[in-house]
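Working notes, structure below.
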Amino acid sequence: MSESGHVLPLRVYFAVFTALLAGTALTTWVATHDLGPWNDLVALSIAGTKATLVILYFMHVRYASRLIWIFSLAGFLWLMLFFVLILADYQTRVPVPGWAG
Amino acid sequence: MSETRAVLAHHFESLEQQNEAAAIGMWAFLVQEVMFFGGLFTTYLVYRVLHPGAFAEGSAHLPVALGTANTAVLIGSSLTMALGVRAAQLGRGRQCALFLAATIVLAFAFLGVKGVEYAEKWEHGLIPGVRWSPEAGADARLNLFFALYFVMTGCHALHMLVGIVLMAIVAGRAWGGRYSRANFLGVECLGLYWHFVDLVWIFLFPLLYLLHGHRGGHS
């Protein structure tokens with residue numbers, strides 16, 4: 001690593017930018033089709049891919065130390081844990097007779 | 001090397017270590033921000049699971065074209081920010097300042113479009129607790145969708161305003177030659193913050209604008 005860190009060539013930034021725009025167009029286009037429950041999955045997959053590109057290249061994580069990898073993954077993992085446990089609660093609730101909840 | 005010595009704090013062994021410490025500090029802050037927005041996304045998740053119809057109906061009220069255009073504008077601002085950081089890495093202070101100025105312009109464009117959307121919601125009486133008069137036959141839980149819409153996009157817009165102020169300060173410093181190849185941490189951390197703001201919108205856009213409801217020709 002030099003004094004100024006890892007300087008990426010310009011074409012990397014423009015390639016990522018183009019991919020992000022393409023992803024945006026794709027997600028808007030896909031939403032015009034009725035895929036049932038798959039709409040959400042496709043939309044979130046595209047958003048996840050776009051986010052990964054931003055994190056790896058714009059935020060330079062691909063070229064960063066292991067410690068930064070751990071930090072950037074920690075937020076994501078905690079969030080997933082949060083979602084899973086919350087849904088494990090709400091998705092398994094059964095109506096209690098006589099309880100207006 | 002004298003340049004290196006001038007910016008290296010005495011409690012760090014090397015410039016590399018100093019830069020890494022700052023980057024990790026910034027990432028710790030961003031993880032905290034993930035938790036902050038995570039609470040909102042979790043609220044969205046639970047209410048959407050409980051009331052899918054209200055969310056589809058609410059989403060149909062949002063202008064997909066404006067949302068898509070705004071997403072492109074914000075991605076563009078992330079590009080100019082990344083190029084600004086790159087200019088700083090190369091010690092080109094004035095170029096960095098110009099890229100940050102371009103980022104500020106794009107940020108205002110985004111907020112302007114957001115303002116147009118908010119004004120439209122005001123006109124149609126779709127602001128829960130402030131001006132709420134949905135058309136007859138609307139889902140009884142429609143207010144849940146719009147409450148989340150305003151809180152989530154509002155918190156996002158607030159983060160953008162903070163970013164604009166910080167960009168103005170950092171751009172001024174970059175123009176004045178405050179940063180160098182050895183010390184561009186201010187720009188680097190600002191870049192991380194701005195890309196995070198972009199990340200939040202990358203998820204907000206499909207979750208708010210692109211639910212099933214908008215099929216059928218609503219602009």
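So you can find residues: chains in the structure tokens are A, B, ... in the order shown, residues in each start at 1, and ligands are numbered from 1 in order.
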Report task. Report as a list in words the set of chain A residues whose atoms approach chain B to within 7 Å, with distances computed over only C-alpha atoms. Result ->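 Residues of chain A within 7 Å of chain B, counting only C-alpha atoms: Glu3, Ser4, Val7, Tyr13, Phe17, Leu21, Ala31, Thr32, Ala43, Ala47, Ala51, Phe58, Met59, Ile68, Phe71, Ser72, Gly75, Leu79 and Phe83 of chain A.
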Query - Long-range neighbours of segment 109-112 of chain B as a PyMOL selection string, 6 Å cut-off, only C-alpha atoms, 3 positions minimum in chain - result: chain B and resi 70+106+115
Query raised in the report: Closest to Phe76 of chain A among A:Ile46, A:Val96, A:Ile55, A:Val30, using only C-alpha atoms?
Result: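 When distances to Phe76 of chain A are compared using only C-alpha atoms, the smallest one comes from A:Ile55.
Atom CA of Met160 of chain B is found 14.3 Å from atom CA of Ala102 of chain B.
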Requested in this report: Return the single residue from A:Thr28, A:Gly36, A:His60, A:Leu44 that is closest to Leu8 of chain A, with distances computed using only C-alpha atoms.
Outcome: A:His60
Query - Computed interatomic separation between atom CA of Leu40 of chain B and atom CA of Met152 of chain B (Å) - result: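 Atom-to-atom, atom CA of Leu40 of chain B to atom CA of Met152 of chain B, that is 6.7 Å.
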**Report entry** Test item, strand (DSSP E) assignment across segment 4-203 of chain B, answer as a list in words
**Finding:**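 After running DSSP on the backbone, segment 4-203 of chain B has strand (DSSP E) at Leu126, Ile127, Arg131 and Trp132 of chain B.
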Requested in this report: Among the residues of segment 24-84 of chain A, find those DSSP assigns to helix (DSSP H, G or I) from the backbone and print them as a count of residues only.
Outcome: 50
Report summary line: From atom CA of Val130 of chain B to atom CA of Leu161 of chain B the spacing works out at 22.7 Å
